[in-house]
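Coordinates as given in work-v4.txt (compact mmCIF, C-alpha atoms and all ligand atoms):
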```
# COMPACT_ATOMS: atom_id res chain seq x y z
CA MET A 1 -13.53 -23.19 31.13
CA ALA A 2 -9.82 -22.40 31.19
CA ALA A 3 -8.82 -19.24 29.32
CA PRO A 4 -7.13 -20.06 26.01
CA GLN A 5 -3.41 -19.57 26.09
CA PRO A 6 -1.76 -17.33 23.51
CA GLN A 7 0.63 -19.00 21.11
CA GLN A 8 3.61 -17.36 19.53
CA GLY A 9 4.22 -17.65 15.86
CA VAL A 10 6.14 -15.79 13.21
CA LEU A 11 5.00 -14.38 9.92
CA CYS A 12 7.17 -15.62 7.04
CA ALA A 13 10.08 -13.51 5.86
CA GLY A 14 8.74 -11.14 3.25
CA CYS A 15 5.08 -11.74 4.14
CA PRO A 16 3.17 -8.86 2.51
CA HIS A 17 0.64 -8.85 5.37
CA ARG A 18 3.34 -7.34 7.54
CA GLY A 19 3.33 -4.21 5.38
CA ALA A 20 -0.45 -3.86 5.69
CA TYR A 21 -0.29 -4.13 9.48
CA LEU A 22 2.46 -1.55 9.66
CA ALA A 23 0.54 0.85 7.42
CA ALA A 24 -2.52 0.49 9.68
CA LYS A 25 -0.43 0.98 12.77
CA TYR A 26 1.14 4.14 11.37
CA ALA A 27 -2.12 5.51 9.96
CA THR A 28 -4.02 5.09 13.22
CA ARG A 29 -1.27 6.62 15.33
CA GLY A 30 -2.83 9.31 17.49
CA VAL A 31 -6.43 8.32 16.62
CA ARG A 32 -8.15 7.89 19.97
CA GLY A 33 -10.31 4.83 20.49
CA HIS A 34 -9.50 3.12 17.22
CA VAL A 35 -9.99 -0.61 16.92
CA LEU A 36 -8.09 -2.99 14.68
CA CYS A 37 -9.50 -6.44 14.38
CA GLY A 38 -9.62 -9.40 12.06
CA ASP A 39 -10.95 -12.84 11.36
CA VAL A 40 -7.89 -14.96 11.95
CA GLY A 41 -4.92 -14.85 14.27
CA CYS A 42 -2.13 -13.21 12.36
CA PRO A 43 -4.21 -10.55 10.60
CA ALA A 44 -5.71 -9.58 13.94
CA VAL A 45 -2.46 -9.22 15.81
CA GLY A 46 0.02 -8.33 13.15
CA TYR A 47 -0.42 -4.59 13.45
CA LEU A 48 0.71 -4.60 17.03
CA TYR A 49 4.16 -3.25 17.72
CA PRO A 50 6.50 -5.06 17.99
CA ALA A 51 4.16 -8.01 17.59
CA ALA A 52 4.27 -7.77 13.81
CA ALA A 53 6.14 -11.01 14.38
CA THR A 54 3.55 -12.89 16.35
CA CYS A 55 0.39 -14.81 15.73
CA PRO A 56 -1.41 -16.17 18.77
CA GLY A 57 -3.33 -18.62 16.62
CA GLY A 58 -6.84 -17.27 16.27
CA MET A 59 -9.20 -14.65 17.54
CA GLU A 60 -10.32 -16.54 20.65
CA ARG A 61 -6.68 -16.85 21.68
CA LEU A 62 -5.92 -13.26 20.77
CA LEU A 63 -8.64 -11.36 22.54
CA PRO A 64 -7.88 -12.30 26.17
CA ARG A 65 -4.28 -11.48 25.51
CA TYR A 66 -4.95 -7.94 24.42
CA HIS A 67 -8.11 -7.38 26.47
CA GLN A 68 -9.92 -6.19 23.41
CA GLU A 69 -13.19 -7.30 21.88
CA VAL A 70 -14.43 -6.90 18.37
CA PRO A 71 -17.21 -4.33 18.68
CA THR A 72 -20.80 -5.17 17.76
CA GLU A 73 -22.05 -1.57 17.87
CA PRO A 74 -20.48 1.41 16.10
CA THR A 75 -19.09 2.78 19.34
CA ALA A 76 -15.52 3.02 18.12
CA PRO A 77 -14.76 6.19 16.16
CA LEU A 78 -12.62 4.18 13.78
CA CYS A 79 -12.27 0.49 12.98
CA VAL A 80 -9.93 -1.26 10.55
CA HIS A 81 -11.03 -4.84 9.98
CA PHE A 82 -8.49 -7.20 8.38
CA ALA A 83 -9.69 -10.11 6.27
CA ARG A 84 -8.10 -12.48 3.78
CA ASP A 85 -9.25 -12.16 0.18
CA THR A 86 -10.47 -15.78 0.25
CA ALA A 87 -12.93 -14.86 3.01
CA LEU A 88 -14.94 -13.08 0.31
CA ASP A 89 -15.18 -16.13 -1.93
CA ASN A 90 -18.29 -17.60 -0.34
CA ASP A 91 -21.59 -15.83 0.17
CA ALA A 92 -21.72 -16.24 3.96
CA GLY A 93 -18.20 -14.86 4.38
CA ALA A 94 -18.90 -12.00 2.01
CA ALA A 95 -22.12 -11.09 3.82
CA SER A 96 -20.27 -10.88 7.14
CA LEU A 97 -17.82 -8.46 5.53
CA SER A 98 -20.36 -6.26 3.74
CA ALA A 99 -20.32 -2.49 4.13
CA GLU A 100 -23.45 -2.77 6.25
CA ALA A 101 -21.78 -5.28 8.59
CA LEU A 102 -18.64 -3.13 8.83
CA SER A 103 -20.70 -0.03 9.61
CA ARG A 104 -21.65 -1.69 12.90
CA GLU A 105 -18.00 -1.87 13.92
CA GLY A 106 -17.05 1.79 13.78
CA GLN A 107 -18.35 5.21 12.84
CA THR A 108 -15.64 5.10 10.20
CA ALA A 109 -14.82 1.57 9.11
CA VAL A 110 -12.25 0.26 6.67
CA LEU A 111 -12.18 -3.32 5.40
CA ALA A 112 -8.50 -4.17 4.84
CA VAL A 113 -8.46 -7.09 2.41
CA LEU A 114 -5.17 -9.01 2.37
CA ALA A 115 -5.08 -10.08 -1.26
CA SER A 116 -2.13 -12.47 -1.38
CA SER A 117 -3.73 -15.79 -2.28
CA ALA A 118 -3.21 -17.81 -5.45
CA ALA A 119 -6.69 -16.73 -6.53
CA ARG A 120 -5.64 -13.06 -6.89
CA VAL A 121 -2.42 -12.87 -8.87
CA THR A 122 -3.46 -10.87 -11.94
CA GLN A 123 -4.73 -7.32 -12.31
CA ALA A 124 -8.03 -8.69 -13.68
CA GLU A 125 -8.51 -10.90 -10.60
CA LEU A 126 -7.80 -7.97 -8.30
CA GLU A 127 -10.23 -5.78 -10.21
CA ASP A 128 -12.89 -8.51 -9.96
CA LEU A 129 -12.34 -8.47 -6.22
CA GLY A 130 -12.81 -4.70 -6.27
CA GLN A 131 -16.11 -5.15 -8.14
CA ARG A 132 -17.23 -7.71 -5.56
CA LEU A 133 -16.54 -5.20 -2.79
CA LEU A 134 -18.49 -2.49 -4.63
CA GLY A 135 -21.33 -5.00 -4.84
CA LEU A 136 -21.10 -5.44 -1.07
CA GLY A 137 -21.93 -1.78 -0.62
CA TYR A 138 -18.50 -0.14 -0.34
CA GLU A 139 -18.49 3.31 -1.88
CA THR A 140 -14.72 3.46 -2.20
CA VAL A 141 -12.43 0.57 -3.06
CA VAL A 142 -8.69 1.17 -3.48
CA ILE A 143 -5.98 -1.29 -4.52
CA VAL A 144 -2.58 -0.61 -2.97
CA ASP A 145 0.74 -2.42 -2.52
CA PRO A 146 1.16 -3.15 1.21
CA LEU A 147 4.94 -3.11 0.84
CA ASP A 148 4.77 0.48 -0.45
CA THR A 149 4.28 1.49 3.17
CA GLU A 150 4.08 5.25 2.59
CA ARG A 151 1.38 4.97 -0.04
CA ALA A 152 -0.49 2.32 1.94
CA GLU A 153 -0.52 4.55 5.01
CA ARG A 154 -1.66 7.54 2.93
CA THR A 155 -4.46 5.48 1.39
CA LEU A 156 -5.75 4.47 4.82
CA ARG A 157 -5.60 8.07 6.05
CA ASP A 158 -7.62 9.18 3.00
CA CYS A 159 -10.25 6.55 3.85
CA PHE A 160 -10.37 7.76 7.45
CA ALA A 161 -10.79 11.36 6.27
CA ALA A 162 -13.61 10.39 3.89
CA GLY A 163 -15.53 8.67 6.71
CA GLY A 164 -18.21 5.99 6.25
CA THR A 165 -17.17 2.56 5.02
CA SER A 166 -14.45 1.90 2.52
CA ALA A 167 -12.35 -1.04 1.44
CA VAL A 168 -8.62 -1.22 0.78
CA ILE A 169 -7.22 -4.19 -1.14
CA PHE A 170 -3.62 -4.82 -0.08
CA ALA A 171 -2.28 -6.55 -3.17
CA SER A 172 1.03 -8.38 -3.14
CA PRO A 173 1.54 -12.13 -3.60
CA CYS A 174 2.31 -14.57 -0.79
CA THR A 175 6.04 -15.30 -0.84
CA LEU A 176 5.32 -19.03 -0.65
CA LEU A 177 3.76 -18.81 -4.13
CA MET A 178 6.88 -17.34 -5.70
CA LYS A 179 8.74 -19.68 -8.03
CA GLU A 180 11.77 -17.42 -8.15
CA ARG A 181 13.48 -15.88 -5.13
CA LEU A 182 14.23 -12.19 -5.26
CA GLU A 183 17.76 -11.19 -4.39
CA PRO A 184 18.13 -10.66 -0.63
CA ALA A 185 18.74 -7.36 1.15
CA GLU A 186 21.96 -7.00 3.11
CA VAL A 187 23.04 -5.23 6.31
CA ASP A 188 26.38 -3.44 6.34
CA ARG A 189 27.61 -5.06 9.53
CA PHE A 190 30.50 -2.61 9.88
CA THR A 191 28.19 0.39 10.24
CA CYS A 192 25.15 -1.22 11.92
CA VAL A 193 24.77 0.34 15.36
CA GLY A 194 22.75 -2.60 16.71
CA CYS A 195 19.74 -0.44 17.59
CA HIS A 196 17.32 -3.36 16.89
CA ARG A 197 14.87 -1.05 15.12
CA CYS A 198 14.72 -3.10 11.89
CA TRP A 199 13.70 -6.19 13.82
CA GLN A 200 11.41 -4.41 16.27
CA VAL A 201 9.41 -2.81 13.47
CA THR A 202 9.25 -5.72 11.03
CA GLY A 203 9.75 -8.79 13.21
CA CYS A 204 11.13 -10.45 10.08
CA PRO A 205 12.66 -13.87 10.89
CA ALA A 206 15.38 -13.34 8.28
CA LEU A 207 16.88 -10.66 10.54
CA SER A 208 18.95 -11.74 13.51
CA PHE A 209 21.27 -10.07 15.98
CA ALA A 210 24.81 -11.41 15.90
CA PRO A 211 26.48 -8.95 18.30
CA PRO A 212 27.45 -6.28 17.74
CA ALA A 213 25.40 -6.04 14.53
CA TYR A 214 22.37 -7.38 12.70
CA ARG A 215 22.57 -9.74 9.77
CA ILE A 216 20.13 -10.92 7.13
CA ASP A 217 19.92 -14.62 6.38
CA SER A 218 20.15 -14.59 2.59
CA ASP A 219 18.46 -18.01 2.38
CA GLN A 220 15.39 -16.74 4.23
CA CYS A 221 15.15 -13.15 2.95
CA ALA A 222 12.40 -12.85 0.36
CA GLY A 223 13.52 -9.43 -0.87
CA CYS A 224 10.42 -7.56 0.24
CA ASP A 225 12.58 -4.54 1.23
CA LEU A 226 10.32 -3.64 4.14
CA CYS A 227 13.23 -3.50 6.59
CA VAL A 228 15.24 -1.18 4.34
CA GLY A 229 13.18 1.91 5.19
CA THR A 230 13.18 1.19 8.91
CA CYS A 231 16.94 1.64 9.36
CA ARG A 232 17.61 5.20 10.41
CA THR A 233 21.29 4.88 9.59
CA GLN A 234 20.34 3.65 6.12
CA ILE A 235 22.73 0.75 6.03
CA ILE A 236 20.37 -1.99 4.85
CA TYR A 237 21.05 -2.31 1.15
CA THR A 238 18.75 -3.72 -1.48
CA PRO A 239 19.54 -4.66 -5.08
CA ARG A 240 16.24 -2.92 -5.94
CA LEU A 241 17.39 0.49 -4.65
CA ARG A 242 16.73 2.31 -7.93
CA MET A 243 13.35 0.72 -8.57
CA THR A 244 10.07 2.51 -7.94
CA PRO A 245 7.57 0.86 -5.58
CA GLU A 246 5.48 -0.03 -8.66
CA GLU A 247 8.43 -1.78 -10.29
CA ARG A 248 9.11 -3.76 -7.11
CA ASN A 249 5.46 -4.82 -6.96
CA THR A 250 5.61 -5.95 -10.61
CA LEU A 251 8.78 -7.92 -9.88
CA ARG A 252 7.02 -9.84 -7.10
CA TYR A 253 4.16 -10.84 -9.39
CA GLN A 254 6.60 -11.78 -12.15
CA ALA A 255 8.38 -14.08 -9.68
CA LEU A 256 5.15 -16.10 -9.52
CA ARG A 257 5.06 -16.78 -13.21
CA SER A 258 8.72 -17.23 -14.07
S1 LIG A 301 14.01 -7.51 2.84
FE1 LIG A 301 14.15 -7.34 5.10
S2 LIG A 301 12.01 -7.53 5.84
FE2 LIG A 301 12.05 -8.30 3.71
S3 LIG A 301 12.38 -10.51 3.86
FE3 LIG A 301 14.43 -9.58 3.64
S4 LIG A 301 15.14 -9.24 5.75
FE4 LIG A 301 12.93 -9.60 5.86
S1 LIG A 302 17.95 -0.59 12.10
FE1 LIG A 302 19.89 -0.45 10.95
S2 LIG A 302 21.41 0.21 12.46
FE2 LIG A 302 19.62 -0.51 13.63
S3 LIG A 302 20.06 -2.69 14.02
FE3 LIG A 302 18.88 -2.64 12.11
S4 LIG A 302 20.45 -2.58 10.45
FE4 LIG A 302 21.48 -2.03 12.40
```

Show me the file's structure as structure tokens.
Ligand code: SF4
Ligand code: SF4
Amino acid sequence: MAAPQPQQGVLCAGCPHRGAYLAAKYATRGVRGHVLCGDVGCPAVGYLYPAAATCPGGMERLLPRYHQEVPTEPTAPLCVHFARDTALDNDAGAASLSAEALSREGQTAVLAVLASSAARVTQAELEDLGQRLLGLGYETVVIVDPLDTERAERTLRDCFAAGGTSAVIFASPCTLLMKERLEPAEVDRFTCVGCHRCWQVTGCPALSFAPPAYRIDSDQCAGCDLCVGTCRTQIIYTPRLRMTPEERNTLRYQALRS
């Protein structure tokens, strides 16, 4: 049988999954033998740098590309397993993501639940999801905003330090569900040095290089502000500069209901 060919795809501008992948990438930096895996294409590959932009279209297409297999024995010292929140909605899916199942994937294992679906847009729904994970045997369940990259990375590191199995719910709504667009970020094209870092780290399709500088397509930008912190010359400006990460998260959920 011919080997499946990888396909390229792009996560939407402002996709909150991108923040979760980046946090996992940063948190596992320097951890020898760690494994990051997932149930569908983009969650499985999104953490890869600079492949935060790509989705090969499913696990069977992904694995030959990266020469990596999802472990069946806890041989890896550390495993982060990405799954969509909807994967926990049926009993079979939930059983395959139980703490017992995860414990077979790594000596320390973290279930990273990407909670961005229409079924998880209120605090009560997120807390219900947390209860479901506790019922699946996880001793620790933490809810964190994936676009608050520093806190998300710190949360993962805390889980690694605690050992065993834990679950992190990355809670931020899918941009496609938003009824109102947040104001876009903007690059100061006169001071951009064209280093490409913003694009290499985020892979956001709203960013493009128009030599000698980058620009943000204001029609595409979803105002997630992920690229803002990646610019070392600090010339990506956001209208939400003075907001706390919590206020930005609230704004995204409000954009669903307005
Ligand atoms: S703020 Fe930056 S990363 Fe987020 S959607 Fe806009 S251009 Fe993309
Ligand atoms: S990271 Fe900043 S300086 Fe570098 S290309 Fe992007 S906007 Fe320009």

Enumerate as a PDB file with C-alpha atoms, in the coordinates of the input the residues within 6 Å of ligand LIG 301 (chain A), counting all atoms listed in the file.
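So out.pdb came out as:
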```pdb
ATOM      1  CA  ALA A  13      10.080 -13.510   5.860  1.00  0.00           C
ATOM      2  CA  GLY A  14       8.740 -11.140   3.250  1.00  0.00           C
ATOM      3  CA  PRO A 184      18.130 -10.660  -0.630  1.00  0.00           C
ATOM      4  CA  ALA A 185      18.740  -7.360   1.150  1.00  0.00           C
ATOM      5  CA  CYS A 204      11.130 -10.450  10.080  1.00  0.00           C
ATOM      6  CA  ALA A 206      15.380 -13.340   8.280  1.00  0.00           C
ATOM      7  CA  LEU A 207      16.880 -10.660  10.540  1.00  0.00           C
ATOM      8  CA  ILE A 216      20.130 -10.920   7.130  1.00  0.00           C
ATOM      9  CA  CYS A 221      15.150 -13.150   2.950  1.00  0.00           C
ATOM     10  CA  ALA A 222      12.400 -12.850   0.360  1.00  0.00           C
ATOM     11  CA  GLY A 223      13.520  -9.430  -0.870  1.00  0.00           C
ATOM     12  CA  CYS A 224      10.420  -7.560   0.240  1.00  0.00           C
ATOM     13  CA  ASP A 225      12.580  -4.540   1.230  1.00  0.00           C
ATOM     14  CA  LEU A 226      10.320  -3.640   4.140  1.00  0.00           C
ATOM     15  CA  CYS A 227      13.230  -3.500   6.590  1.00  0.00           C
TER      16      CYS A 227
END
```

Using all atoms listed in the file, find each protein or nucleic acid residue lying at most 12 Å from ligand LIG 302 (chain A); present the set as a VMD selection string. chain A and resid 185 to 204 206 to 216 226 to 237

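Minimum distance to Arg154 (chain A) across A:Ala119, A:Ala124, A:Tyr26, A:Ala101 (counting all atoms listed in the file) occurs at A:Tyr26.
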
Around (-12.2, -1.0, 8.4), as given in the file, which residues come within 8 Å? Count all atoms listed in the file and list them as a list in words.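 Every polymer residue passing the test: Leu36, Leu78, Cys79, Val80, His81, Phe82, Leu102, Gly106, Thr108, Ala109, Val110, Leu111, Ala112, Thr165, Ser166 and Ala167 of chain A.
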
Which is closer to Arg181 (chain A) than all the others in A:Leu11, A:Leu251, A:Ala87, A:Ala99, using all atoms listed in the file?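 Looking only at the distances to Arg181 (chain A), the closest residue turns out to be A:Leu251.
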
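As for CA of Ala23 (chain A) and CA of Glu127 (chain A), they are spaced 21.7 Å apart.
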